[in-house]
$ cat entry-v2.txt   # compact mmCIF, C-alpha atoms
# COMPACT_ATOMS: atom_id res chain seq x y z
CA MET A 1 50.45 -30.90 -6.15
CA GLU A 2 49.84 -28.63 -3.15
CA GLN A 3 48.24 -25.27 -3.93
CA GLY A 4 51.05 -23.36 -2.18
CA LEU A 5 53.75 -25.12 -4.22
CA TRP A 6 51.78 -24.56 -7.42
CA ASN A 7 51.52 -20.83 -6.62
CA GLN A 8 55.27 -20.63 -5.99
CA MET A 9 55.99 -22.22 -9.39
CA GLN A 10 53.63 -19.76 -11.09
CA CYS A 11 55.28 -16.88 -9.27
CA LYS A 12 58.75 -17.93 -10.44
CA GLU A 13 57.52 -18.17 -14.01
CA ILE A 14 55.93 -14.72 -13.83
CA LEU A 15 59.07 -13.16 -12.36
CA LYS A 16 61.14 -14.76 -15.10
CA GLU A 17 58.89 -13.11 -17.68
CA VAL A 18 59.18 -9.83 -15.80
CA SER A 19 62.98 -9.99 -15.73
CA ASN A 20 62.96 -10.53 -19.49
CA GLY A 21 61.07 -7.26 -19.89
CA ASN A 22 57.99 -8.98 -21.30
CA GLU A 23 54.44 -7.66 -21.05
CA ILE A 24 52.52 -9.81 -18.60
CA VAL A 25 49.24 -10.09 -16.72
CA TRP A 26 49.70 -11.20 -13.12
CA ILE A 27 46.62 -12.36 -11.25
CA ASN A 28 46.84 -12.07 -7.48
CA GLU A 29 46.40 -15.55 -6.01
CA ASN A 30 46.04 -14.01 -2.53
CA LEU A 31 42.83 -12.16 -3.42
CA GLU A 32 40.16 -12.85 -0.81
CA ASP A 33 36.56 -12.06 0.02
CA THR A 34 36.53 -8.29 0.53
CA GLN A 35 35.13 -8.24 4.05
CA LYS A 36 37.62 -10.87 5.18
CA ALA A 37 40.47 -8.91 3.59
CA LEU A 38 39.38 -5.58 5.05
CA SER A 39 39.11 -7.10 8.54
CA LYS A 40 42.90 -7.56 8.46
CA ILE A 41 43.55 -3.86 7.79
CA PRO A 42 43.51 -1.36 10.69
CA LEU A 43 42.02 1.39 8.49
CA THR A 44 38.23 1.48 8.07
CA LEU A 45 35.43 3.25 6.23
CA LYS A 46 35.18 5.59 9.24
CA ASP A 47 38.69 6.85 8.44
CA ILE A 48 37.58 7.66 4.89
CA HIS A 49 34.53 9.52 6.23
CA ASP A 50 36.84 11.52 8.51
CA ALA A 51 39.08 12.47 5.58
CA GLU A 52 36.07 13.50 3.51
CA ALA A 53 34.76 15.66 6.38
CA ARG A 54 38.13 17.41 6.67
CA LEU A 55 38.12 18.24 2.95
CA THR A 56 34.60 19.64 3.38
CA ARG A 57 35.79 21.85 6.25
CA PHE A 58 38.58 23.19 4.05
CA ALA A 59 36.30 23.85 1.06
CA PRO A 60 35.72 27.57 1.96
CA PHE A 61 39.50 28.13 2.07
CA ILE A 62 40.10 26.24 -1.19
CA LEU A 63 37.32 28.20 -2.89
CA LYS A 64 38.87 31.48 -1.74
CA ALA A 65 42.47 30.55 -2.62
CA PHE A 66 41.63 28.74 -5.87
CA PRO A 67 38.58 30.32 -7.56
CA GLU A 68 38.72 27.65 -10.29
CA THR A 69 37.16 25.25 -7.76
CA ALA A 70 33.92 27.28 -7.75
CA PRO A 71 31.96 24.72 -9.85
CA GLU A 72 32.51 22.19 -7.04
CA ASN A 73 32.14 24.77 -4.21
CA GLY A 74 35.73 24.34 -3.10
CA LEU A 75 35.89 20.57 -3.40
CA ILE A 76 38.63 19.16 -5.61
CA GLU A 77 36.89 16.68 -7.89
CA SER A 78 37.17 15.42 -11.48
CA PRO A 79 34.67 14.43 -14.19
CA LEU A 80 33.59 10.88 -14.94
CA ALA A 81 32.86 10.67 -18.66
CA GLU A 82 31.74 7.82 -20.90
CA ILE A 83 34.19 7.41 -23.80
CA GLU A 84 32.38 5.21 -26.30
CA LYS A 85 34.47 6.38 -29.28
CA MET A 86 37.62 5.37 -27.44
CA ARG A 87 36.13 1.96 -26.65
CA LEU A 88 35.47 1.33 -30.33
CA GLN A 89 38.96 2.56 -31.25
CA LEU A 90 40.63 0.22 -28.74
CA GLU A 91 38.59 -2.74 -30.00
CA GLN A 92 39.60 -2.06 -33.58
CA GLU A 93 43.24 -1.16 -32.97
CA TYR A 94 43.99 -4.03 -30.58
CA GLN A 95 41.71 -6.63 -32.16
CA THR A 96 39.71 -7.38 -29.06
CA THR A 97 36.26 -6.80 -27.60
CA ILE A 98 35.51 -4.63 -24.58
CA PRO A 99 31.95 -5.56 -23.58
CA GLY A 100 30.00 -3.16 -21.40
CA ARG A 101 30.65 0.58 -21.03
CA LEU A 102 33.96 2.45 -20.88
CA PHE A 103 34.29 5.54 -18.65
CA LEU A 104 37.27 7.78 -17.98
CA LYS A 105 37.88 9.09 -14.46
CA GLN A 106 39.65 12.35 -15.25
CA ASP A 107 41.89 12.97 -12.26
CA SER A 108 44.09 14.41 -14.98
CA HIS A 109 41.80 17.45 -14.74
CA LEU A 110 41.65 17.87 -10.97
CA ALA A 111 41.86 21.53 -10.01
CA ILE A 112 45.06 23.11 -8.64
CA SER A 113 47.66 20.55 -9.76
CA GLY A 114 46.06 18.58 -12.62
CA SER A 115 46.79 15.08 -11.35
CA ILE A 116 45.58 12.35 -8.99
CA LYS A 117 48.18 13.59 -6.49
CA ALA A 118 45.88 16.55 -5.82
CA ARG A 119 43.80 14.11 -3.77
CA GLY A 120 46.36 12.70 -1.35
CA GLY A 121 49.04 15.39 -1.57
CA ILE A 122 46.78 18.37 -1.00
CA TYR A 123 44.84 16.48 1.68
CA GLU A 124 48.02 15.75 3.67
CA VAL A 125 49.16 19.38 3.51
CA LEU A 126 45.73 20.54 4.69
CA LYS A 127 45.64 18.04 7.56
CA HIS A 128 49.12 19.11 8.68
CA ALA A 129 48.10 22.77 8.54
CA GLU A 130 44.96 22.02 10.56
CA ASP A 131 46.96 20.06 13.15
CA LEU A 132 49.43 22.93 13.59
CA ALA A 133 46.69 25.56 13.82
CA LEU A 134 44.73 23.57 16.42
CA GLU A 135 47.86 22.73 18.39
CA HIS A 136 48.90 26.39 18.60
CA GLY A 137 45.41 27.59 19.49
CA ILE A 138 44.80 29.84 16.50
CA LEU A 139 41.91 27.72 15.17
CA LYS A 140 38.78 26.03 16.43
CA GLU A 141 37.40 23.14 14.38
CA THR A 142 33.99 24.85 14.28
CA GLU A 143 35.41 28.01 12.60
CA ASP A 144 35.05 29.02 8.96
CA TYR A 145 38.21 27.57 7.42
CA SER A 146 38.51 30.45 4.96
CA VAL A 147 40.69 31.99 7.72
CA PHE A 148 43.52 29.84 6.31
CA ALA A 149 43.68 32.34 3.42
CA SER A 150 44.38 35.25 5.81
CA GLU A 151 47.75 36.97 6.22
CA GLU A 152 47.69 36.04 9.91
CA PHE A 153 47.68 32.34 9.07
CA LYS A 154 50.24 32.71 6.27
CA ASN A 155 52.61 34.48 8.65
CA PHE A 156 52.12 31.70 11.17
CA PHE A 157 52.93 28.94 8.64
CA ARG A 158 56.06 30.72 7.36
CA GLN A 159 57.98 29.44 10.37
CA PHE A 160 57.42 25.83 9.26
CA LYS A 161 58.74 23.69 6.38
CA ILE A 162 57.15 20.94 4.34
CA GLN A 163 59.39 18.61 2.30
CA VAL A 164 58.67 15.82 -0.19
CA GLY A 165 60.48 13.55 -2.65
CA SER A 166 58.80 13.24 -6.04
CA THR A 167 59.05 12.27 -9.70
CA GLY A 168 56.79 15.22 -10.46
CA ASN A 169 53.06 15.17 -9.77
CA LEU A 170 53.14 14.65 -6.01
CA GLY A 171 55.68 17.46 -5.76
CA MET A 172 53.35 19.69 -7.77
CA SER A 173 50.43 19.10 -5.39
CA ILE A 174 52.50 19.47 -2.23
CA GLY A 175 54.42 22.46 -3.56
CA ILE A 176 51.48 24.49 -4.85
CA MET A 177 49.24 24.03 -1.79
CA SER A 178 52.05 24.45 0.76
CA ALA A 179 53.24 27.68 -0.84
CA VAL A 180 49.73 29.16 -0.93
CA LEU A 181 49.32 28.45 2.80
CA GLY A 182 52.64 30.14 3.53
CA PHE A 183 54.90 27.17 4.27
CA HIS A 184 58.54 27.06 3.13
CA VAL A 185 58.19 24.05 0.86
CA ILE A 186 61.10 22.03 -0.53
CA VAL A 187 60.49 19.50 -3.30
CA HIS A 188 63.26 16.94 -3.86
CA MET A 189 62.92 15.81 -7.49
CA SER A 190 64.46 12.81 -9.21
CA ALA A 191 66.35 12.95 -12.51
CA ASP A 192 63.33 11.74 -14.53
CA ALA A 193 61.08 14.60 -13.36
CA LYS A 194 60.10 16.83 -16.27
CA GLN A 195 61.75 20.26 -16.48
CA TRP A 196 58.43 22.06 -16.96
CA LYS A 197 57.20 20.67 -13.63
CA LYS A 198 60.30 21.97 -11.87
CA ASP A 199 59.88 25.36 -13.54
CA LEU A 200 56.21 25.59 -12.57
CA LEU A 201 56.94 24.71 -8.95
CA ARG A 202 59.60 27.41 -8.69
CA LYS A 203 57.21 29.90 -10.25
CA ARG A 204 54.59 29.01 -7.60
CA GLY A 205 57.06 29.67 -4.77
CA ALA A 206 58.49 26.22 -4.01
CA GLU A 207 62.18 25.44 -3.58
CA VAL A 208 63.19 22.60 -5.92
CA VAL A 209 66.25 20.42 -5.26
CA GLU A 210 67.30 18.28 -8.23
CA TYR A 211 69.03 14.87 -8.14
CA ASP A 212 70.88 12.85 -10.75
CA ASN A 213 69.45 9.68 -9.19
CA ASP A 214 66.02 8.08 -9.25
CA TYR A 215 62.97 8.61 -7.06
CA SER A 216 64.29 6.57 -4.14
CA LYS A 217 67.31 8.85 -3.68
CA ALA A 218 65.18 11.99 -3.74
CA VAL A 219 62.96 10.51 -1.04
CA GLU A 220 65.91 9.32 1.05
CA VAL A 221 67.63 12.71 1.12
CA GLY A 222 64.39 14.63 1.56
CA ARG A 223 63.38 12.49 4.52
CA LYS A 224 66.83 12.78 6.11
CA ASN A 225 66.92 16.58 5.77
CA SER A 226 63.39 16.95 7.10
CA ASP A 227 63.98 14.66 10.08
CA ALA A 228 66.95 16.84 11.09
CA ASP A 229 64.73 19.93 11.33
CA PRO A 230 62.16 19.97 14.18
CA LYS A 231 60.01 22.50 12.29
CA SER A 232 59.97 20.45 9.08
CA TYR A 233 57.29 17.94 8.05
CA PHE A 234 58.04 15.22 5.48
CA VAL A 235 55.30 13.93 3.19
CA ASP A 236 56.16 10.25 2.78
CA ASP A 237 54.60 8.84 -0.39
CA GLU A 238 55.79 5.35 0.55
CA ASN A 239 54.36 5.09 4.06
CA SER A 240 51.87 7.90 4.69
CA VAL A 241 48.47 6.79 5.97
CA THR A 242 47.25 10.38 5.59
CA LEU A 243 48.07 10.46 1.87
CA PHE A 244 46.46 7.05 1.48
CA LEU A 245 43.17 8.19 3.03
CA GLY A 246 43.11 11.34 0.92
CA TYR A 247 43.19 9.17 -2.18
CA ALA A 248 40.58 6.80 -0.73
CA VAL A 249 37.96 9.59 -0.62
CA ALA A 250 37.81 9.28 -4.43
CA ALA A 251 35.75 6.10 -4.03
CA LYS A 252 32.91 7.94 -2.27
CA ARG A 253 33.01 10.64 -4.92
CA ILE A 254 32.80 8.20 -7.86
CA LYS A 255 29.90 6.41 -6.14
CA THR A 256 28.03 9.74 -6.19
CA GLN A 257 28.87 10.15 -9.87
CA PHE A 258 27.59 6.66 -10.67
CA ASP A 259 24.38 7.42 -8.77
CA ALA A 260 23.90 10.57 -10.84
CA GLN A 261 24.05 8.45 -14.01
CA ASN A 262 21.74 5.76 -12.58
CA ILE A 263 24.55 3.19 -12.56
CA VAL A 264 24.30 0.64 -9.77
CA ILE A 265 27.36 -1.56 -9.22
CA ASN A 266 26.36 -5.06 -8.14
CA GLU A 267 26.86 -8.75 -8.99
CA GLU A 268 25.18 -8.29 -12.35
CA THR A 269 26.97 -5.00 -13.14
CA PRO A 270 30.61 -5.50 -12.12
CA LEU A 271 33.09 -2.62 -11.95
CA PHE A 272 36.63 -2.87 -13.33
CA VAL A 273 39.10 -0.11 -12.49
CA TYR A 274 42.58 0.27 -14.01
CA ILE A 275 45.13 2.57 -12.35
CA PRO A 276 48.72 3.39 -13.39
CA CYS A 277 51.07 2.56 -10.53
CA GLY A 278 54.38 4.07 -9.41
CA VAL A 279 55.37 3.71 -5.76
CA GLY A 280 51.75 2.75 -5.05
CA GLY A 281 50.30 5.39 -2.70
CA ALA A 282 47.70 6.87 -5.04
CA PRO A 283 46.46 3.66 -6.71
CA GLY A 284 46.56 1.84 -3.38
CA GLY A 285 44.47 4.47 -1.63
CA VAL A 286 41.91 4.59 -4.44
CA ALA A 287 41.74 0.78 -4.55
CA PHE A 288 41.24 0.58 -0.77
CA GLY A 289 38.40 3.10 -0.98
CA LEU A 290 36.77 1.29 -3.88
CA LYS A 291 36.82 -2.04 -2.04
CA GLN A 292 35.28 -0.35 1.03
CA ILE A 293 32.45 1.08 -1.08
CA PHE A 294 31.80 -1.63 -3.69
CA GLY A 295 33.15 -4.78 -2.00
CA ASP A 296 33.47 -7.91 -4.14
CA ASN A 297 31.77 -6.17 -7.08
CA VAL A 298 34.84 -4.05 -7.93
CA HIS A 299 37.98 -5.52 -9.47
CA VAL A 300 41.06 -3.29 -9.38
CA PHE A 301 44.13 -3.72 -11.58
CA PHE A 302 47.34 -1.71 -11.43
CA ILE A 303 49.23 -0.94 -14.66
CA GLU A 304 53.03 -0.64 -14.69
CA PRO A 305 55.80 -0.19 -17.31
CA THR A 306 57.77 -3.32 -18.22
CA GLN A 307 61.01 -1.68 -17.03
CA ALA A 308 59.61 -0.38 -13.73
CA PRO A 309 57.03 -2.88 -12.38
CA CYS A 310 57.98 -2.28 -8.75
CA MET A 311 54.61 -3.20 -7.21
CA LEU A 312 54.45 -6.36 -9.31
CA VAL A 313 57.86 -7.68 -8.24
CA GLY A 314 57.12 -6.78 -4.62
CA MET A 315 53.72 -8.45 -4.49
CA ALA A 316 54.43 -11.45 -6.74
CA SER A 317 57.59 -12.32 -4.82
CA GLY A 318 55.97 -11.62 -1.46
CA LEU A 319 58.99 -9.51 -0.53
CA GLN A 320 57.25 -6.13 -0.99
CA ASN A 321 59.75 -3.26 -0.57
CA LYS A 322 62.64 -5.63 0.18
CA VAL A 323 63.20 -6.03 -3.57
CA SER A 324 63.57 -3.58 -6.43
CA VAL A 325 63.15 -3.88 -10.18
CA GLN A 326 66.94 -3.61 -10.49
CA ASP A 327 67.18 -6.91 -8.57
CA PHE A 328 65.46 -8.47 -11.58
CA GLY A 329 67.81 -6.91 -14.14
CA LEU A 330 65.43 -4.10 -15.11
CA SER A 331 66.47 -0.47 -15.58
CA GLY A 332 63.61 1.25 -13.73
CA GLN A 333 63.62 3.81 -16.55
CA THR A 334 60.48 4.63 -18.50
CA HIS A 335 58.89 7.41 -20.55
CA ALA A 336 56.01 7.18 -18.05
CA ASP A 337 57.87 9.52 -15.68
CA GLY A 338 55.39 9.27 -12.82
CA LEU A 339 55.79 5.48 -12.86
CA ALA A 340 59.61 5.47 -12.86
CA VAL A 341 59.97 3.85 -9.44
CA GLY A 342 62.30 0.98 -8.61
CA ARG A 343 60.98 -0.02 -5.19
CA ALA A 344 57.31 -0.07 -4.20
CA SER A 345 55.73 1.01 -0.95
CA GLY A 346 55.77 -1.90 1.48
CA PHE A 347 52.80 -0.39 3.30
CA VAL A 348 50.69 -0.30 0.13
CA GLY A 349 51.84 -3.71 -1.10
CA SER A 350 50.92 -5.30 2.22
CA THR A 351 47.56 -3.50 2.31
CA MET A 352 46.77 -4.64 -1.23
CA LYS A 353 47.82 -8.25 -0.59
CA HIS A 354 44.25 -9.58 -0.35
CA LEU A 355 42.39 -6.77 -2.18
CA LEU A 356 44.08 -6.27 -5.56
CA SER A 357 42.89 -8.38 -8.50
CA GLY A 358 46.14 -8.15 -10.42
CA ILE A 359 48.80 -6.13 -12.23
CA MET A 360 49.41 -5.66 -15.96
CA THR A 361 52.57 -4.37 -17.60
CA LEU A 362 53.10 -2.63 -20.93
CA GLU A 363 55.98 -1.42 -23.07
CA ASP A 364 56.53 2.33 -23.29
CA TYR A 365 55.58 2.75 -26.94
CA HIS A 366 51.95 1.91 -26.14
CA ILE A 367 51.48 4.96 -23.91
CA TYR A 368 52.08 7.38 -26.79
CA ASP A 369 49.80 5.42 -29.13
CA LEU A 370 47.06 5.39 -26.50
CA MET A 371 47.60 9.09 -25.81
CA ARG A 372 46.99 9.89 -29.48
CA ASP A 373 43.93 7.62 -29.47
CA ILE A 374 42.20 9.47 -26.62
CA VAL A 375 43.00 12.85 -28.20
CA ASN A 376 41.77 11.79 -31.64
CA THR A 377 38.59 10.05 -30.45
CA GLN A 378 37.45 12.15 -27.48
CA ASN A 379 39.58 15.32 -27.71
CA ILE A 380 40.94 14.70 -24.19
CA PHE A 381 44.64 15.20 -23.52
CA LEU A 382 46.36 13.05 -20.90
CA GLU A 383 50.04 12.81 -20.09
CA PRO A 384 51.61 9.58 -21.41
CA SER A 385 51.88 7.82 -18.03
CA ALA A 386 48.13 8.32 -17.46
CA CYS A 387 47.38 6.55 -20.73
CA ALA A 388 48.78 3.30 -19.33
CA SER A 389 45.33 2.91 -17.75
CA PHE A 390 43.79 2.07 -21.15
CA TRP A 391 45.94 -1.05 -21.30
CA GLY A 392 43.68 -2.55 -18.62
CA PRO A 393 40.44 -3.12 -20.55
CA ILE A 394 42.45 -4.28 -23.58
CA GLN A 395 44.27 -6.97 -21.61
CA LEU A 396 41.30 -7.97 -19.46
CA MET A 397 39.53 -9.35 -22.51
CA LYS A 398 42.62 -10.49 -24.43
CA ALA A 399 45.17 -12.05 -22.07
CA PRO A 400 44.63 -15.74 -21.18
CA ALA A 401 45.39 -15.10 -17.50
CA ALA A 402 42.73 -12.37 -17.33
CA LYS A 403 40.17 -14.53 -19.14
CA ALA A 404 40.85 -17.32 -16.64
CA TYR A 405 40.33 -14.83 -13.79
CA LEU A 406 36.91 -13.81 -15.13
CA GLU A 407 35.91 -17.44 -15.51
CA LYS A 408 37.11 -18.35 -12.02
CA ILE A 409 35.04 -15.61 -10.36
CA GLY A 410 31.99 -16.35 -12.50
CA LEU A 411 31.86 -13.14 -14.53
CA THR A 412 32.45 -14.41 -18.07
CA ASN A 413 28.73 -14.31 -18.85
CA LYS A 414 28.12 -10.97 -17.10
CA MET A 415 30.62 -8.82 -18.98
CA ALA A 416 27.98 -7.29 -21.26
CA ASN A 417 26.91 -5.22 -18.23
CA ALA A 418 30.44 -4.41 -17.04
CA ILE A 419 31.58 -0.88 -16.24
CA HIS A 420 35.25 -0.24 -17.11
CA VAL A 421 37.05 2.80 -15.63
CA PRO A 422 40.60 3.63 -16.71
CA TRP A 423 41.83 6.15 -14.11
CA ALA A 424 43.57 9.09 -15.80
CA THR A 425 46.24 10.22 -13.35
CA GLY A 426 47.57 13.48 -14.85
CA GLY A 427 48.06 15.82 -17.77
CA ASN A 428 45.98 18.99 -17.56
CA LEU A 429 48.91 21.26 -16.67
CA VAL A 430 51.25 19.96 -19.41
CA PRO A 431 52.34 23.00 -21.49
CA ARG A 432 51.15 23.20 -25.09
CA GLU A 433 54.63 22.81 -26.59
CA ILE A 434 55.25 19.65 -24.53
CA ARG A 435 51.89 18.27 -25.64
CA GLU A 436 52.92 18.76 -29.26
CA GLU A 437 56.20 17.00 -28.57
CA TYR A 438 54.36 14.04 -27.00
CA MET A 439 51.92 13.83 -29.91
CA HIS A 440 54.82 13.35 -32.32
CA THR A 441 56.73 10.84 -30.20
CA HIS A 442 56.91 7.33 -31.72
CA LEU A 443 58.99 4.69 -29.98
CA LYS A 444 58.24 1.78 -32.31
$ encode --input "entry-v2.txt" --output "C-alpha cells"
Amino acid sequence: MEQGLWNQMQCKEILKEVSNGNEIVWINENLEDTQKALSKIPLTLKDIHDAEARLTRFAPFILKAFPETAPENGLIESPLAEIEKMRLQLEQEYQTTIPGRLFLKQDSHLAISGSIKARGGIYEVLKHAEDLALEHGILKETEDYSVFASEEFKNFFRQFKIQVGSTGNLGMSIGIMSAVLGFHVIVHMSADAKQWKKDLLRKRGAEVVEYDNDYSKAVEVGRKNSDADPKSYFVDDENSVTLFLGYAVAAKRIKTQFDAQNIVINEETPLFVYIPCGVGGAPGGVAFGLKQIFGDNVHVFFIEPTQAPCMLVGMASGLQNKVSVQDFGLSGQTHADGLAVGRASGFVGSTMKHLLSGIMTLEDYHIYDLMRDIVNTQNIFLEPSACASFWGPIQLMKAPAAKAYLEKIGLTNKMANAIHVPWATGGNLVPREIREEYMHTHLK
C-alpha cells in the first residue's frame, strides 16, 4: 500500500475518533527534518532576534510603568522550575512512568497579565506604539524608551484605538498594556470569557464588548469595526506574524534558563514540550522558536480539549482553517475557556505542518484533577486550561501512538535523560474566590 494512501486511512480513523469525542494522540506524519522544514517558512531566527531586541529597548518603559518587573529589569519573563513531586504524583495517579526530569515553564506567572499572552500580546502593542511614534517623529530608536511613560506620549496615543477579539487572556494582555500607554482599547470578548477577566479589564481602563457567541464571532466583529476606523489597529490572534514572533522569543529565554541549570539539550538529552492550544498563535510561536533554537532535539506537542480540538482537525484533515470542530459534530465548548476555539489559525497550522510532533486531546474533568495535583504537590496554582499541559508527559509514555513515535525516531532508549516541560499558560491573576471554586469543581 502506498504511504500516502496509508496516511489518508489513518487520518480518517483519527478524525472518526475525534468526532466521537474520544481522547486521542495524533502523531504528525508530515514532520520533517527541522532545517528542511524551517527552509519552507519565510520567518527566520533573525526575526526572533529582532523581536527580542525590541523588548530590550522597551525594558526601561516597562520597568517604570510596571515596577513588579524589577527582578527582571523590565523584561517580562517567567520561572522554569523542576517539579519532581508532581512527576511522582502523575506516575502514581495515572499508572505510568515519566522517565527523565519534569520542569514547569510558568508563563502563568508572567508579570502584568499573568499568562502566556503577555509575550505576544504585549509585544504587538509595543511594536505598534513604536511604529506610530517613529512614523510621527516623536521618537528616535536610539532614545531611552522610558519616554513612553510620559504624559506627552500618553496624550499622543489617546487619538488611536487598539482592538482585539479574545476568550480572555489575550484581551487581558492587550487591554492592560494598551491602556497604560494611553490608547483607547476595545476588547471584544466571547461568551465563554470569565466575568472576572472582563471586570479586571474594565477596572484597568479598557472598553469591553461582550458577545453571546464564541471566539470566532468576537474576532469577526472586532476586525470589522477596526477596519472601518483608520485610526484603529486590530490585533489578529489568527494571522498576526508580530504576535507569533513575540511568543517565539520565549525559546531564547528558556535556553538561557537551561544554561543556568547546566542542562544541555542534544541527541542524548531530548526535550519534550507540551503546550495547551486554542486558536494556535501562542503555542505555534513558542514551538517555532523552540525548533529554531533546539532543532531536531525538541519535540513539541499541543494539547486540546476533546470538544474543541480545532488545530487537530485542521492539521489532520489538511484543511487547516477551512474546517471547524462543529463540522465534526463537536460543541466547541469546554471548561478550559482559553481553549474554547472552533476554528484554528490557518497561518499557524500551515507553519506547524512540518514542525509539530503531534497533538493530544483530553476530557475536561482531567484539567481540574491536574490543577489540584499541582497545588497539592508543588503549591503552584494554575488556571484549569493551563493544566492541560500535564496531559502531555502522561500520554507520551502511555499511549501506543506516542510510544511508536519514540521508537520510530530512536529515542526509546534515551528517555532516562529526557527533559519534559509542560507549559503553564495562565492563572496568576485568578481571584482567590474563583480559585476556591475551581479547587472544588469535580466533573466526573
$ closest_residue --input "entry-v2.txt" --among "A:Lys291, A:Leu429, A:Ala250, A:Val25" --to "Ala111 in chain A" --atoms "all atoms listed in the file"
A:Leu429
$ atom_distance --input "entry-v2.txt" --atom1 "CA of Ala193 in chain A" --atom2 "CA of Asp212 in chain A"
10.3 Å
$ atom_distance --input "entry-v2.txt" --atom1 "CA of Ser178 in chain A" --atom2 "CA of Ala336 in chain A"
25.8 Å
$ residues_around --input "entry-v2.txt" --residues "Met371 in chain A" --least-positions-apart "3" --cutoff "7 Å" --atoms "only C-alpha atoms" --output "list in words"
Ile367, Tyr368, Ile374, Val375, Leu382, Pro384 and Cys387 of chain A
$ atom_distance --input "entry-v2.txt" --atom1 "CA of Pro67 in chain A" --atom2 "CA of Ser150 in chain A"
15.4 Å
$ residues_around --input "entry-v2.txt" --residues "Thr351 in chain A" --least-positions-apart "2" --cutoff "12 Å" --atoms "all atoms listed in the file" --output "ChimeraX atom specification"
/A:30-31,37-43,239,241,244,280-281,283-289,291,311,315,320,345-349,353-356
$ closest_residue --input "entry-v2.txt" --among "A:Arg432, A:Lys403, A:Lys252, A:Lys154" --to "Leu45 in chain A" --atoms "all atoms listed in the file"
A:Lys252
$ residues_around --input "entry-v2.txt" --residues "range 226-237 of chain A" --least-positions-apart "3" --cutoff "7 Å" --atoms "all atoms listed in the file" --output "VMD selection string"
chain A and resid 160 to 164 222 to 223 240 281
$ residues_near_point --input "entry-v2.txt" --point "(37.0, 1.1, -27.7)" --cutoff "12 Å" --atoms "only C-alpha atoms" --output "ChimeraX atom specification"
/A:82-104,370,373-374,377-378,390-394,397,420,422
$ residues_around --input "entry-v2.txt" --residues "Met360 in chain A" --least-positions-apart "5" --cutoff "7 Å" --atoms "only C-alpha atoms" --output "list in words"
Ile24, Val25, Trp26, Phe302, Ile303 and Glu304 of chain A
$ write_last_selection --input "entry-v2.txt" --atoms "C-alpha atoms" --output "PDB file, in the frame of the given file"
ATOM      1  CA  ILE A  24      52.520  -9.810 -18.600  1.00  0.00           C
ATOM      2  CA  VAL A  25      49.240 -10.090 -16.720  1.00  0.00           C
ATOM      3  CA  TRP A  26      49.700 -11.200 -13.120  1.00  0.00           C
ATOM      4  CA  PHE A 302      47.340  -1.710 -11.430  1.00  0.00           C
ATOM      5  CA  ILE A 303      49.230  -0.940 -14.660  1.00  0.00           C
ATOM      6  CA  GLU A 304      53.030  -0.640 -14.690  1.00  0.00           C
TER       7      GLU A 304
END
$ residues_around --input "entry-v2.txt" --residues "range 14-20 of chain A" --least-positions-apart "5" --cutoff "7 Å" --atoms "all atoms listed in the file" --output "PyMOL selection string"
chain A and resi 313+328-330
$ closest_residue --input "entry-v2.txt" --among "A:Asp337, A:Glu23, A:Glu238, A:Glu29" --to "Gln195 in chain A" --atoms "only C-alpha atoms"
A:Asp337
$ closest_residue --input "entry-v2.txt" --among "A:Leu396, A:Ile48, A:Ala424, A:Ala149" --to "Thr412 in chain A" --atoms "all atoms listed in the file"
A:Leu396
$ closest_residue --input "entry-v2.txt" --among "A:Ser166, A:Asn266, A:Ser108, A:Ser317" --to "Glu220 in chain A" --atoms "all atoms listed in the file"
A:Ser166
$ closest_residue --input "entry-v2.txt" --among "A:Val180, A:Ile293, A:Ile76, A:Ala340" --to "Asp192 in chain A" --atoms "all atoms listed in the file"
A:Ala340
$ residues_near_point --input "entry-v2.txt" --point "(44.6, 12.0, -9.6)" --cutoff "7 Å" --atoms "all atoms listed in the file" --output "list in words"
Asp107, Ser108, Leu110, Ser115, Ile116, Lys117, Ala118, Arg119, Ala424, Thr425 and Gly426 of chain A
$ decode --input "entry-v2.txt" --residues "range 104-121 of chain A" --atoms "C-alpha atoms" --output "PDB file, in the first residue's frame"
ATOM      1  CA  LEU A 104       7.204  23.636  34.643  1.00  0.00           C
ATOM      2  CA  LYS A 105       7.518  26.750  32.472  1.00  0.00           C
ATOM      3  CA  GLN A 106       5.417  29.191  34.484  1.00  0.00           C
ATOM      4  CA  ASP A 107       4.069  31.623  31.923  1.00  0.00           C
ATOM      5  CA  SER A 108       1.122  31.536  34.301  1.00  0.00           C
ATOM      6  CA  HIS A 109       3.220  33.901  36.425  1.00  0.00           C
ATOM      7  CA  LEU A 110       4.381  36.344  33.765  1.00  0.00           C
ATOM      8  CA  ALA A 111       4.240  39.909  35.039  1.00  0.00           C
ATOM      9  CA  ILE A 112       1.466  42.330  34.040  1.00  0.00           C
ATOM     10  CA  SER A 113      -1.196  39.902  32.787  1.00  0.00           C
ATOM     11  CA  GLY A 114      -0.348  36.502  34.312  1.00  0.00           C
ATOM     12  CA  SER A 115      -0.496  34.421  31.141  1.00  0.00           C
ATOM     13  CA  ILE A 116       1.469  33.359  28.065  1.00  0.00           C
ATOM     14  CA  LYS A 117      -0.398  36.078  26.140  1.00  0.00           C
ATOM     15  CA  ALA A 118       1.829  38.617  27.894  1.00  0.00           C
ATOM     16  CA  ARG A 119       4.525  37.529  25.445  1.00  0.00           C
ATOM     17  CA  GLY A 120       2.819  38.016  22.094  1.00  0.00           C
ATOM     18  CA  GLY A 121       0.042  40.406  23.103  1.00  0.00           C
TER      19      GLY A 121
END
